[in-house]
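Enquirer: The following file, model04.txt, comprises compact mmCIF, N, CA and C atoms:
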```txt
# COMPACT_ATOMS: atom_id res chain seq x y z
N MET I 7 -6.36 13.87 -30.76
CA MET I 7 -6.02 12.87 -29.76
C MET I 7 -5.17 11.78 -30.37
N SER I 8 -4.21 11.34 -29.63
CA SER I 8 -3.35 10.27 -30.13
C SER I 8 -4.03 8.93 -29.89
N GLY I 9 -3.59 7.91 -30.61
CA GLY I 9 -4.16 6.58 -30.48
C GLY I 9 -3.61 5.84 -29.27
N ARG I 10 -2.65 6.44 -28.58
CA ARG I 10 -2.02 5.78 -27.44
C ARG I 10 -2.89 5.92 -26.19
N LYS I 11 -3.10 4.81 -25.50
CA LYS I 11 -3.88 4.85 -24.26
C LYS I 11 -3.00 5.36 -23.13
N GLU I 12 -3.60 6.16 -22.27
CA GLU I 12 -2.88 6.65 -21.10
C GLU I 12 -3.37 5.87 -19.89
N THR I 13 -2.44 5.43 -19.06
CA THR I 13 -2.82 4.65 -17.90
C THR I 13 -3.43 5.54 -16.83
N VAL I 14 -4.32 4.96 -16.06
CA VAL I 14 -4.96 5.69 -14.97
C VAL I 14 -3.94 5.95 -13.86
N LEU I 15 -3.08 4.98 -13.61
CA LEU I 15 -2.10 5.08 -12.53
C LEU I 15 -0.72 5.31 -13.14
N ASP I 16 -0.16 6.50 -12.91
CA ASP I 16 1.17 6.82 -13.41
C ASP I 16 2.17 6.64 -12.28
N LEU I 17 2.86 5.50 -12.28
CA LEU I 17 3.80 5.20 -11.21
C LEU I 17 5.17 5.81 -11.42
N ALA I 18 5.41 6.42 -12.58
CA ALA I 18 6.74 6.99 -12.86
C ALA I 18 7.15 8.02 -11.83
N LYS I 19 6.18 8.76 -11.31
CA LYS I 19 6.52 9.80 -10.32
C LYS I 19 6.87 9.22 -8.95
N PHE I 20 6.63 7.91 -8.73
CA PHE I 20 6.95 7.28 -7.46
C PHE I 20 8.23 6.46 -7.49
N VAL I 21 8.88 6.35 -8.66
CA VAL I 21 10.11 5.56 -8.76
C VAL I 21 11.19 6.20 -7.88
N ASP I 22 11.91 5.36 -7.15
CA ASP I 22 12.94 5.76 -6.18
C ASP I 22 12.37 6.56 -5.02
N ARG I 23 11.10 6.38 -4.73
CA ARG I 23 10.45 7.00 -3.58
C ARG I 23 9.77 5.91 -2.77
N GLY I 24 9.46 6.23 -1.53
CA GLY I 24 8.80 5.28 -0.65
C GLY I 24 7.33 5.13 -1.00
N VAL I 25 6.87 3.88 -1.05
CA VAL I 25 5.46 3.59 -1.30
C VAL I 25 4.99 2.52 -0.32
N SER I 26 3.70 2.55 -0.04
CA SER I 26 3.05 1.53 0.76
C SER I 26 2.11 0.77 -0.17
N VAL I 27 2.18 -0.54 -0.15
CA VAL I 27 1.39 -1.37 -1.06
C VAL I 27 0.53 -2.33 -0.25
N LYS I 28 -0.77 -2.32 -0.51
CA LYS I 28 -1.67 -3.30 0.10
C LYS I 28 -1.92 -4.39 -0.93
N LEU I 29 -1.82 -5.62 -0.47
CA LEU I 29 -1.98 -6.77 -1.35
C LEU I 29 -3.24 -7.52 -0.98
N SER I 30 -3.78 -8.24 -1.96
CA SER I 30 -4.95 -9.06 -1.67
C SER I 30 -4.55 -10.12 -0.65
N GLY I 31 -5.45 -10.45 0.24
CA GLY I 31 -5.13 -11.36 1.32
C GLY I 31 -4.78 -10.63 2.60
N GLY I 32 -4.68 -9.30 2.55
CA GLY I 32 -4.47 -8.51 3.75
C GLY I 32 -3.06 -8.09 4.05
N ARG I 33 -2.09 -8.53 3.27
CA ARG I 33 -0.70 -8.13 3.54
C ARG I 33 -0.47 -6.69 3.16
N GLN I 34 0.44 -6.04 3.89
CA GLN I 34 0.81 -4.65 3.59
C GLN I 34 2.33 -4.56 3.66
N VAL I 35 2.95 -4.06 2.58
CA VAL I 35 4.40 -3.90 2.53
C VAL I 35 4.73 -2.44 2.20
N THR I 36 5.87 -2.01 2.71
CA THR I 36 6.36 -0.66 2.46
C THR I 36 7.80 -0.77 1.99
N GLY I 37 8.16 0.04 0.99
CA GLY I 37 9.53 0.02 0.49
C GLY I 37 9.74 1.09 -0.56
N THR I 38 10.90 1.06 -1.18
CA THR I 38 11.26 2.01 -2.23
C THR I 38 10.93 1.40 -3.58
N LEU I 39 10.08 2.07 -4.35
CA LEU I 39 9.70 1.56 -5.67
C LEU I 39 10.88 1.68 -6.62
N LYS I 40 11.33 0.56 -7.15
CA LYS I 40 12.45 0.54 -8.08
C LYS I 40 12.02 0.31 -9.52
N GLY I 41 10.86 -0.30 -9.73
CA GLY I 41 10.39 -0.54 -11.08
C GLY I 41 8.98 -1.08 -11.09
N TYR I 42 8.38 -1.05 -12.27
CA TYR I 42 7.01 -1.53 -12.46
C TYR I 42 6.81 -1.82 -13.94
N ASP I 43 5.70 -2.49 -14.26
CA ASP I 43 5.36 -2.71 -15.67
C ASP I 43 3.87 -2.46 -15.88
N GLN I 44 3.41 -2.69 -17.10
CA GLN I 44 2.02 -2.38 -17.45
C GLN I 44 1.03 -3.30 -16.74
N LEU I 45 1.49 -4.42 -16.21
CA LEU I 45 0.60 -5.33 -15.48
C LEU I 45 0.58 -5.02 -13.99
N LEU I 46 1.23 -3.95 -13.58
CA LEU I 46 1.31 -3.48 -12.20
C LEU I 46 2.17 -4.40 -11.32
N ASN I 47 3.07 -5.16 -11.95
CA ASN I 47 4.07 -5.87 -11.17
C ASN I 47 5.03 -4.82 -10.63
N LEU I 48 5.32 -4.87 -9.33
CA LEU I 48 6.14 -3.85 -8.69
C LEU I 48 7.41 -4.46 -8.13
N VAL I 49 8.52 -3.73 -8.23
CA VAL I 49 9.78 -4.12 -7.60
C VAL I 49 10.03 -3.12 -6.49
N LEU I 50 10.10 -3.63 -5.25
CA LEU I 50 10.35 -2.79 -4.08
C LEU I 50 11.67 -3.19 -3.44
N ASP I 51 12.47 -2.19 -3.08
CA ASP I 51 13.73 -2.43 -2.40
C ASP I 51 13.57 -2.00 -0.94
N GLU I 52 14.37 -2.61 -0.06
CA GLU I 52 14.32 -2.32 1.37
C GLU I 52 12.89 -2.46 1.91
N ALA I 53 12.20 -3.49 1.44
CA ALA I 53 10.79 -3.68 1.79
C ALA I 53 10.65 -4.24 3.20
N THR I 54 9.60 -3.79 3.87
CA THR I 54 9.22 -4.32 5.17
C THR I 54 7.74 -4.66 5.13
N GLU I 55 7.38 -5.71 5.85
CA GLU I 55 5.97 -6.13 5.92
C GLU I 55 5.44 -5.84 7.31
N ASN I 56 4.26 -5.24 7.37
CA ASN I 56 3.59 -5.05 8.65
C ASN I 56 2.92 -6.38 8.99
N LEU I 57 3.31 -6.95 10.13
CA LEU I 57 2.75 -8.24 10.52
C LEU I 57 1.33 -8.08 11.02
N ARG I 58 0.53 -9.12 10.79
CA ARG I 58 -0.88 -9.09 11.20
C ARG I 58 -1.05 -9.59 12.61
N ASP I 59 -2.13 -9.15 13.22
CA ASP I 59 -2.49 -9.57 14.57
C ASP I 59 -2.90 -11.03 14.54
N SER I 60 -2.38 -11.83 15.48
CA SER I 60 -2.71 -13.26 15.48
C SER I 60 -4.16 -13.51 15.88
N ASP I 61 -4.75 -12.59 16.65
CA ASP I 61 -6.15 -12.76 17.06
C ASP I 61 -7.11 -12.32 15.96
N ASP I 62 -6.77 -11.26 15.24
CA ASP I 62 -7.63 -10.74 14.17
C ASP I 62 -6.78 -10.55 12.92
N PRO I 63 -6.84 -11.48 11.96
CA PRO I 63 -5.98 -11.41 10.78
C PRO I 63 -6.25 -10.20 9.87
N LEU I 64 -7.33 -9.47 10.11
CA LEU I 64 -7.61 -8.30 9.28
C LEU I 64 -6.90 -7.06 9.79
N LYS I 65 -6.35 -7.12 10.99
CA LYS I 65 -5.65 -5.97 11.58
C LYS I 65 -4.14 -6.16 11.48
N THR I 66 -3.43 -5.06 11.20
CA THR I 66 -1.97 -5.11 11.20
C THR I 66 -1.47 -4.58 12.54
N THR I 67 -0.28 -5.02 12.92
CA THR I 67 0.33 -4.58 14.17
C THR I 67 1.49 -3.63 13.85
N ASP I 68 2.16 -3.15 14.89
CA ASP I 68 3.32 -2.29 14.71
C ASP I 68 4.58 -3.09 14.45
N GLN I 69 4.49 -4.41 14.55
CA GLN I 69 5.66 -5.26 14.31
C GLN I 69 5.96 -5.32 12.82
N MET I 70 7.24 -5.27 12.49
CA MET I 70 7.67 -5.27 11.08
C MET I 70 8.60 -6.46 10.84
N ARG I 71 8.59 -6.93 9.59
CA ARG I 71 9.50 -7.98 9.16
C ARG I 71 10.26 -7.47 7.95
N GLN I 72 11.58 -7.52 7.99
CA GLN I 72 12.42 -7.05 6.89
C GLN I 72 12.38 -8.07 5.75
N LEU I 73 12.08 -7.61 4.54
CA LEU I 73 12.00 -8.50 3.38
C LEU I 73 13.12 -8.26 2.39
N GLY I 74 13.62 -7.02 2.29
CA GLY I 74 14.68 -6.71 1.34
C GLY I 74 14.11 -6.37 -0.03
N LEU I 75 14.69 -6.94 -1.09
CA LEU I 75 14.25 -6.70 -2.47
C LEU I 75 13.16 -7.71 -2.83
N ILE I 76 11.97 -7.22 -3.21
CA ILE I 76 10.85 -8.12 -3.52
C ILE I 76 10.17 -7.70 -4.81
N VAL I 77 9.41 -8.63 -5.36
CA VAL I 77 8.53 -8.36 -6.50
C VAL I 77 7.10 -8.63 -6.06
N CYS I 78 6.25 -7.64 -6.21
CA CYS I 78 4.82 -7.81 -5.91
C CYS I 78 4.11 -8.08 -7.22
N ARG I 79 3.45 -9.20 -7.32
CA ARG I 79 2.75 -9.55 -8.55
C ARG I 79 1.54 -8.63 -8.73
N GLY I 80 1.37 -8.13 -9.93
CA GLY I 80 0.34 -7.15 -10.22
C GLY I 80 -1.07 -7.59 -9.91
N THR I 81 -1.35 -8.88 -10.05
CA THR I 81 -2.71 -9.36 -9.78
C THR I 81 -3.04 -9.31 -8.29
N ALA I 82 -2.02 -9.22 -7.43
CA ALA I 82 -2.25 -9.17 -5.99
C ALA I 82 -2.27 -7.74 -5.45
N VAL I 83 -1.86 -6.76 -6.25
CA VAL I 83 -1.78 -5.38 -5.78
C VAL I 83 -3.18 -4.77 -5.72
N MET I 84 -3.54 -4.28 -4.54
CA MET I 84 -4.84 -3.64 -4.36
C MET I 84 -4.72 -2.12 -4.29
N LEU I 85 -3.62 -1.62 -3.68
CA LEU I 85 -3.47 -0.19 -3.48
C LEU I 85 -1.99 0.16 -3.46
N VAL I 86 -1.63 1.28 -4.09
CA VAL I 86 -0.28 1.82 -4.03
C VAL I 86 -0.40 3.26 -3.58
N ALA I 87 0.28 3.61 -2.48
CA ALA I 87 0.21 4.97 -1.95
C ALA I 87 1.61 5.44 -1.57
N PRO I 88 1.91 6.72 -1.79
CA PRO I 88 3.22 7.24 -1.38
C PRO I 88 3.30 7.32 0.14
N THR I 89 4.50 7.13 0.67
CA THR I 89 4.68 7.25 2.12
C THR I 89 5.02 8.68 2.51
N ASP I 90 5.57 9.46 1.58
CA ASP I 90 5.89 10.86 1.86
C ASP I 90 4.61 11.68 1.87
N GLY I 91 4.46 12.50 2.88
CA GLY I 91 3.32 13.40 2.93
C GLY I 91 2.05 12.77 3.45
N THR I 92 2.13 11.57 3.97
CA THR I 92 0.94 10.94 4.54
C THR I 92 1.13 10.77 6.03
N GLU I 93 0.06 10.90 6.77
CA GLU I 93 0.11 10.68 8.20
C GLU I 93 -1.20 10.05 8.65
N GLU I 94 -1.13 9.31 9.72
CA GLU I 94 -2.31 8.64 10.24
C GLU I 94 -3.10 9.61 11.11
N ILE I 95 -4.40 9.63 10.91
CA ILE I 95 -5.26 10.50 11.71
C ILE I 95 -6.24 9.65 12.49
N ALA I 96 -6.84 10.24 13.49
CA ALA I 96 -7.85 9.53 14.29
C ALA I 96 -9.10 9.31 13.44
N ASN I 97 -9.75 8.19 13.65
CA ASN I 97 -10.96 7.87 12.91
C ASN I 97 -12.11 8.75 13.39
N PRO I 98 -12.63 9.64 12.53
CA PRO I 98 -13.70 10.53 12.98
C PRO I 98 -15.02 9.80 13.23
N PHE I 99 -15.17 8.61 12.71
CA PHE I 99 -16.40 7.86 12.87
C PHE I 99 -16.47 7.11 14.20
N LEU I 100 -15.34 7.05 14.91
CA LEU I 100 -15.33 6.40 16.21
C LEU I 100 -15.52 7.40 17.34
N ALA I 101 -15.73 8.67 17.00
CA ALA I 101 -15.94 9.71 18.03
C ALA I 101 -17.23 9.42 18.77
N ASN I 102 -17.35 10.01 19.93
CA ASN I 102 -18.58 9.82 20.71
C ASN I 102 -19.77 10.31 19.92
N GLU I 103 -20.63 9.40 19.59
CA GLU I 103 -21.80 9.75 18.80
C GLU I 103 -22.98 10.01 19.73
N THR I 104 -23.72 11.04 19.43
CA THR I 104 -24.93 11.33 20.20
C THR I 104 -26.12 10.83 19.40
N PRO I 105 -27.06 10.17 20.05
CA PRO I 105 -28.21 9.66 19.31
C PRO I 105 -29.03 10.80 18.73
N ALA I 106 -29.56 10.58 17.55
CA ALA I 106 -30.36 11.61 16.88
C ALA I 106 -31.68 11.78 17.61
N ALA I 107 -32.08 13.03 17.79
CA ALA I 107 -33.35 13.31 18.46
C ALA I 107 -34.50 13.08 17.48
N THR I 108 -35.53 12.44 17.96
CA THR I 108 -36.68 12.19 17.08
C THR I 108 -37.89 12.93 17.54
```
Show this structure as structure tokens.

Expert:
Amino acid sequence: MSGRKETVLDLAKFVDRGVSVKLSGGRQVTGTLKGYDQLLNLVLDEATENLRDSDDPLKTTDQMRQLGLIVCRGTAVMLVAPTDGTEEIANPFLANETPAAT
């Protein structure tokens, strides 16, 4: 084994590809990953932010705001996910539940 530590998150495969980033505080941005560093600071190009619902700040709406080229500070990054190959599905836990028979 080499003495070099391997990172858990290998972002090299996402460079120049679309990613969705969730930030602490509830913000969510989507854009093209242009660069990153060991502290998880991310550079996104053509970034857009999903605006939050004014009634419930924990929910995002379909409204978008164009941001352009941004830097996401690593301490605020909660999740990084590719946009290619992902799709939204219905929540299976919200299906009609039948009460358990006792």

Enquirer: Using only C-alpha atoms, find each residue of region 44-66 of chain I with at least one atom at most 7 Å away from an atom of region 27-37 of chain I; report its shortest atom-to-atom pair and that distance in Å (one decimal), sort the rows by chain and rising residue number, and return the result as CSV.

Expert:
```
residue,atom,partner,partner_atom,distance
I:Leu50,CA,I:Gly37,CA,5.4
I:Asp51,CA,I:Gly37,CA,5.7
I:Glu52,CA,I:Gly37,CA,5.4
I:Ala53,CA,I:Gly37,CA,4.1
I:Thr54,CA,I:Thr36,CA,5.4
I:Glu55,CA,I:Val35,CA,4.4
I:Asn56,CA,I:Gln34,CA,5.8
I:Leu64,CA,I:Gly32,CA,6.4
```

Enquirer: Mind writing the picked residues with N, CA and C atoms as a short mmCIF file (atom, residue, chain, number, x, y, z; two decimals), in the coordinates of the input?

Expert:
```cif
data_model
loop_
_atom_site.label_atom_id
_atom_site.label_comp_id
_atom_site.auth_asym_id
_atom_site.auth_seq_id
_atom_site.Cartn_x
_atom_site.Cartn_y
_atom_site.Cartn_z
N LEU I 50 10.10 -3.63 -5.25
CA LEU I 50 10.35 -2.79 -4.08
C LEU I 50 11.67 -3.19 -3.44
N ASP I 51 12.47 -2.19 -3.08
CA ASP I 51 13.73 -2.43 -2.40
C ASP I 51 13.57 -2.00 -0.94
N GLU I 52 14.37 -2.61 -0.06
CA GLU I 52 14.32 -2.32 1.37
C GLU I 52 12.89 -2.46 1.91
N ALA I 53 12.20 -3.49 1.44
CA ALA I 53 10.79 -3.68 1.79
C ALA I 53 10.65 -4.24 3.20
N THR I 54 9.60 -3.79 3.87
CA THR I 54 9.22 -4.32 5.17
C THR I 54 7.74 -4.66 5.13
N GLU I 55 7.38 -5.71 5.85
CA GLU I 55 5.97 -6.13 5.92
C GLU I 55 5.44 -5.84 7.31
N ASN I 56 4.26 -5.24 7.37
CA ASN I 56 3.59 -5.05 8.65
C ASN I 56 2.92 -6.38 8.99
N LEU I 64 -7.33 -9.47 10.11
CA LEU I 64 -7.61 -8.30 9.28
C LEU I 64 -6.90 -7.06 9.79
#
```

Enquirer: Skip Arg79 (chain I) itself and residues of its chain fewer than 3 positions away, then list as a PDB file with N, CA and C atoms, in the coordinates of the input all residues within 6.5 Å of it, counting only N, CA and C atoms.

Expert:
```pdb
ATOM      1  N   LEU I  45       1.490  -4.420 -16.210  1.00  0.00           N
ATOM      2  CA  LEU I  45       0.600  -5.330 -15.480  1.00  0.00           C
ATOM      3  C   LEU I  45       0.580  -5.020 -13.990  1.00  0.00           C
ATOM      4  N   LEU I  46       1.230  -3.950 -13.580  1.00  0.00           N
ATOM      5  CA  LEU I  46       1.310  -3.480 -12.200  1.00  0.00           C
ATOM      6  C   LEU I  46       2.170  -4.400 -11.320  1.00  0.00           C
ATOM      7  N   ASN I  47       3.070  -5.160 -11.950  1.00  0.00           N
ATOM      8  CA  ASN I  47       4.070  -5.870 -11.170  1.00  0.00           C
ATOM      9  C   ASN I  47       5.030  -4.820 -10.630  1.00  0.00           C
ATOM     10  N   LEU I  48       5.320  -4.870  -9.330  1.00  0.00           N
ATOM     11  CA  LEU I  48       6.140  -3.850  -8.690  1.00  0.00           C
ATOM     12  C   LEU I  48       7.410  -4.460  -8.130  1.00  0.00           C
ATOM     13  N   ALA I  82      -2.020  -9.220  -7.430  1.00  0.00           N
ATOM     14  CA  ALA I  82      -2.250  -9.170  -5.990  1.00  0.00           C
ATOM     15  C   ALA I  82      -2.270  -7.740  -5.450  1.00  0.00           C
ATOM     16  N   VAL I  83      -1.860  -6.760  -6.250  1.00  0.00           N
ATOM     17  CA  VAL I  83      -1.780  -5.380  -5.780  1.00  0.00           C
ATOM     18  C   VAL I  83      -3.180  -4.770  -5.720  1.00  0.00           C
TER      19      VAL I  83
END
```

Enquirer: Determine which residues of chain I receive a DSSP assignment of helix (DSSP H, G or I), computed from the backbone, and state them as number ranges by chain.

Expert: I: 17-20, 80-82, 98-100

Enquirer: Do you have the atom C of Met70 (chain I)-atom N of Pro98 (chain I) distance handy?

Expert: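 Going from atom C of Met70 (chain I) over to atom N of Pro98 (chain I), I get 26.7 Å.
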
Enquirer: How close does each residue of region 63-104 of chain I get to region 16-23 of chain I, giving the shortest atom pair and distance in Å to one decimal for every residue with an atom at most 8 Å away, counting all atoms listed in the file, sorted by chain and residue number, as CSV?

Expert:
```
residue,atom,partner,partner_atom,distance
I:Pro88,CA,I:Arg23,C,6.8
I:Thr89,N,I:Arg23,C,6.4
I:Asp90,N,I:Arg23,C,7.0
```

Enquirer: Would you write out those residues with N, CA and C atoms, as a PDB file, in the coordinates of the input?

Expert:
```pdb
ATOM      1  N   PRO I  88       1.910   6.720  -1.790  1.00  0.00           N
ATOM      2  CA  PRO I  88       3.220   7.240  -1.380  1.00  0.00           C
ATOM      3  C   PRO I  88       3.300   7.320   0.140  1.00  0.00           C
ATOM      4  N   THR I  89       4.500   7.130   0.670  1.00  0.00           N
ATOM      5  CA  THR I  89       4.680   7.250   2.120  1.00  0.00           C
ATOM      6  C   THR I  89       5.020   8.680   2.510  1.00  0.00           C
ATOM      7  N   ASP I  90       5.570   9.460   1.580  1.00  0.00           N
ATOM      8  CA  ASP I  90       5.890  10.860   1.860  1.00  0.00           C
ATOM      9  C   ASP I  90       4.610  11.680   1.870  1.00  0.00           C
TER      10      ASP I  90
END
```

Enquirer: What's the separation between CA of Leu75 (chain I) and CA of Val49 (chain I), in Å to one decimal place?

Expert: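 Result for CA of Leu75 (chain I) versus CA of Val49 (chain I): 7.3 Å, one decimal.
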
Enquirer: In Å, rounded to a single decimal, give me how far CA of Val25 (chain I) is from CA of Glu94 (chain I).

Expert: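 So the two atoms, CA of Glu94 (chain I) and CA of Val25 (chain I), lie 14.8 Å apart.
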
Enquirer: Per DSSP on the backbone, what are the strand (DSSP E) residues of chain I, as number ranges by chain?

Expert: I: 24-29, 34-42, 48-58, 66-78, 83-88

Enquirer: Let's have the selection written as a CSV table (one decimal), in the coordinates of the input, with N, CA and C atoms.

Expert:
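The result, written out as again23.csv:
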```csv
chain,number,residue,atom,x,y,z
I,24,GLY,N,9.5,6.2,-1.5
I,24,GLY,CA,8.8,5.3,-0.6
I,24,GLY,C,7.3,5.1,-1.0
I,25,VAL,N,6.9,3.9,-1.0
I,25,VAL,CA,5.5,3.6,-1.3
I,25,VAL,C,5.0,2.5,-0.3
I,26,SER,N,3.7,2.6,0.0
I,26,SER,CA,3.0,1.5,0.8
I,26,SER,C,2.1,0.8,-0.2
I,27,VAL,N,2.2,-0.5,-0.2
I,27,VAL,CA,1.4,-1.4,-1.1
I,27,VAL,C,0.5,-2.3,-0.2
I,28,LYS,N,-0.8,-2.3,-0.5
I,28,LYS,CA,-1.7,-3.3,0.1
I,28,LYS,C,-1.9,-4.4,-0.9
I,29,LEU,N,-1.8,-5.6,-0.5
I,29,LEU,CA,-2.0,-6.8,-1.4
I,29,LEU,C,-3.2,-7.5,-1.0
I,34,GLN,N,0.4,-6.0,3.9
I,34,GLN,CA,0.8,-4.6,3.6
I,34,GLN,C,2.3,-4.6,3.7
I,35,VAL,N,3.0,-4.1,2.6
I,35,VAL,CA,4.4,-3.9,2.5
I,35,VAL,C,4.7,-2.4,2.2
I,36,THR,N,5.9,-2.0,2.7
I,36,THR,CA,6.4,-0.7,2.5
I,36,THR,C,7.8,-0.8,2.0
I,37,GLY,N,8.2,0.0,1.0
I,37,GLY,CA,9.5,0.0,0.5
I,37,GLY,C,9.7,1.1,-0.6
I,38,THR,N,10.9,1.1,-1.2
I,38,THR,CA,11.3,2.0,-2.2
I,38,THR,C,10.9,1.4,-3.6
I,39,LEU,N,10.1,2.1,-4.4
I,39,LEU,CA,9.7,1.6,-5.7
I,39,LEU,C,10.9,1.7,-6.6
I,40,LYS,N,11.3,0.6,-7.2
I,40,LYS,CA,12.4,0.5,-8.1
I,40,LYS,C,12.0,0.3,-9.5
I,41,GLY,N,10.9,-0.3,-9.7
I,41,GLY,CA,10.4,-0.5,-11.1
I,41,GLY,C,9.0,-1.1,-11.1
I,42,TYR,N,8.4,-1.0,-12.3
I,42,TYR,CA,7.0,-1.5,-12.5
I,42,TYR,C,6.8,-1.8,-13.9
I,48,LEU,N,5.3,-4.9,-9.3
I,48,LEU,CA,6.1,-3.8,-8.7
I,48,LEU,C,7.4,-4.5,-8.1
I,49,VAL,N,8.5,-3.7,-8.2
I,49,VAL,CA,9.8,-4.1,-7.6
I,49,VAL,C,10.0,-3.1,-6.5
I,50,LEU,N,10.1,-3.6,-5.2
I,50,LEU,CA,10.4,-2.8,-4.1
I,50,LEU,C,11.7,-3.2,-3.4
I,51,ASP,N,12.5,-2.2,-3.1
I,51,ASP,CA,13.7,-2.4,-2.4
I,51,ASP,C,13.6,-2.0,-0.9
I,52,GLU,N,14.4,-2.6,-0.1
I,52,GLU,CA,14.3,-2.3,1.4
I,52,GLU,C,12.9,-2.5,1.9
I,53,ALA,N,12.2,-3.5,1.4
I,53,ALA,CA,10.8,-3.7,1.8
I,53,ALA,C,10.6,-4.2,3.2
I,54,THR,N,9.6,-3.8,3.9
I,54,THR,CA,9.2,-4.3,5.2
I,54,THR,C,7.7,-4.7,5.1
I,55,GLU,N,7.4,-5.7,5.8
I,55,GLU,CA,6.0,-6.1,5.9
I,55,GLU,C,5.4,-5.8,7.3
I,56,ASN,N,4.3,-5.2,7.4
I,56,ASN,CA,3.6,-5.0,8.6
I,56,ASN,C,2.9,-6.4,9.0
I,57,LEU,N,3.3,-7.0,10.1
I,57,LEU,CA,2.8,-8.2,10.5
I,57,LEU,C,1.3,-8.1,11.0
I,58,ARG,N,0.5,-9.1,10.8
I,58,ARG,CA,-0.9,-9.1,11.2
I,58,ARG,C,-1.0,-9.6,12.6
I,66,THR,N,-3.4,-5.1,11.2
I,66,THR,CA,-2.0,-5.1,11.2
I,66,THR,C,-1.5,-4.6,12.5
I,67,THR,N,-0.3,-5.0,12.9
I,67,THR,CA,0.3,-4.6,14.2
I,67,THR,C,1.5,-3.6,13.8
I,68,ASP,N,2.2,-3.2,14.9
I,68,ASP,CA,3.3,-2.3,14.7
I,68,ASP,C,4.6,-3.1,14.4
I,69,GLN,N,4.5,-4.4,14.6
I,69,GLN,CA,5.7,-5.3,14.3
I,69,GLN,C,6.0,-5.3,12.8
I,70,MET,N,7.2,-5.3,12.5
I,70,MET,CA,7.7,-5.3,11.1
I,70,MET,C,8.6,-6.5,10.8
I,71,ARG,N,8.6,-6.9,9.6
I,71,ARG,CA,9.5,-8.0,9.2
I,71,ARG,C,10.3,-7.5,8.0
I,72,GLN,N,11.6,-7.5,8.0
I,72,GLN,CA,12.4,-7.0,6.9
I,72,GLN,C,12.4,-8.1,5.8
I,73,LEU,N,12.1,-7.6,4.5
I,73,LEU,CA,12.0,-8.5,3.4
I,73,LEU,C,13.1,-8.3,2.4
I,74,GLY,N,13.6,-7.0,2.3
I,74,GLY,CA,14.7,-6.7,1.3
I,74,GLY,C,14.1,-6.4,0.0
I,75,LEU,N,14.7,-6.9,-1.1
I,75,LEU,CA,14.2,-6.7,-2.5
I,75,LEU,C,13.2,-7.7,-2.8
I,76,ILE,N,12.0,-7.2,-3.2
I,76,ILE,CA,10.8,-8.1,-3.5
I,76,ILE,C,10.2,-7.7,-4.8
I,77,VAL,N,9.4,-8.6,-5.4
I,77,VAL,CA,8.5,-8.4,-6.5
I,77,VAL,C,7.1,-8.6,-6.1
I,78,CYS,N,6.2,-7.6,-6.2
I,78,CYS,CA,4.8,-7.8,-5.9
I,78,CYS,C,4.1,-8.1,-7.2
I,83,VAL,N,-1.9,-6.8,-6.2
I,83,VAL,CA,-1.8,-5.4,-5.8
I,83,VAL,C,-3.2,-4.8,-5.7
I,84,MET,N,-3.5,-4.3,-4.5
I,84,MET,CA,-4.8,-3.6,-4.4
I,84,MET,C,-4.7,-2.1,-4.3
I,85,LEU,N,-3.6,-1.6,-3.7
I,85,LEU,CA,-3.5,-0.2,-3.5
I,85,LEU,C,-2.0,0.2,-3.5
I,86,VAL,N,-1.6,1.3,-4.1
I,86,VAL,CA,-0.3,1.8,-4.0
I,86,VAL,C,-0.4,3.3,-3.6
I,87,ALA,N,0.3,3.6,-2.5
I,87,ALA,CA,0.2,5.0,-2.0
I,87,ALA,C,1.6,5.4,-1.6
I,88,PRO,N,1.9,6.7,-1.8
I,88,PRO,CA,3.2,7.2,-1.4
I,88,PRO,C,3.3,7.3,0.1
```
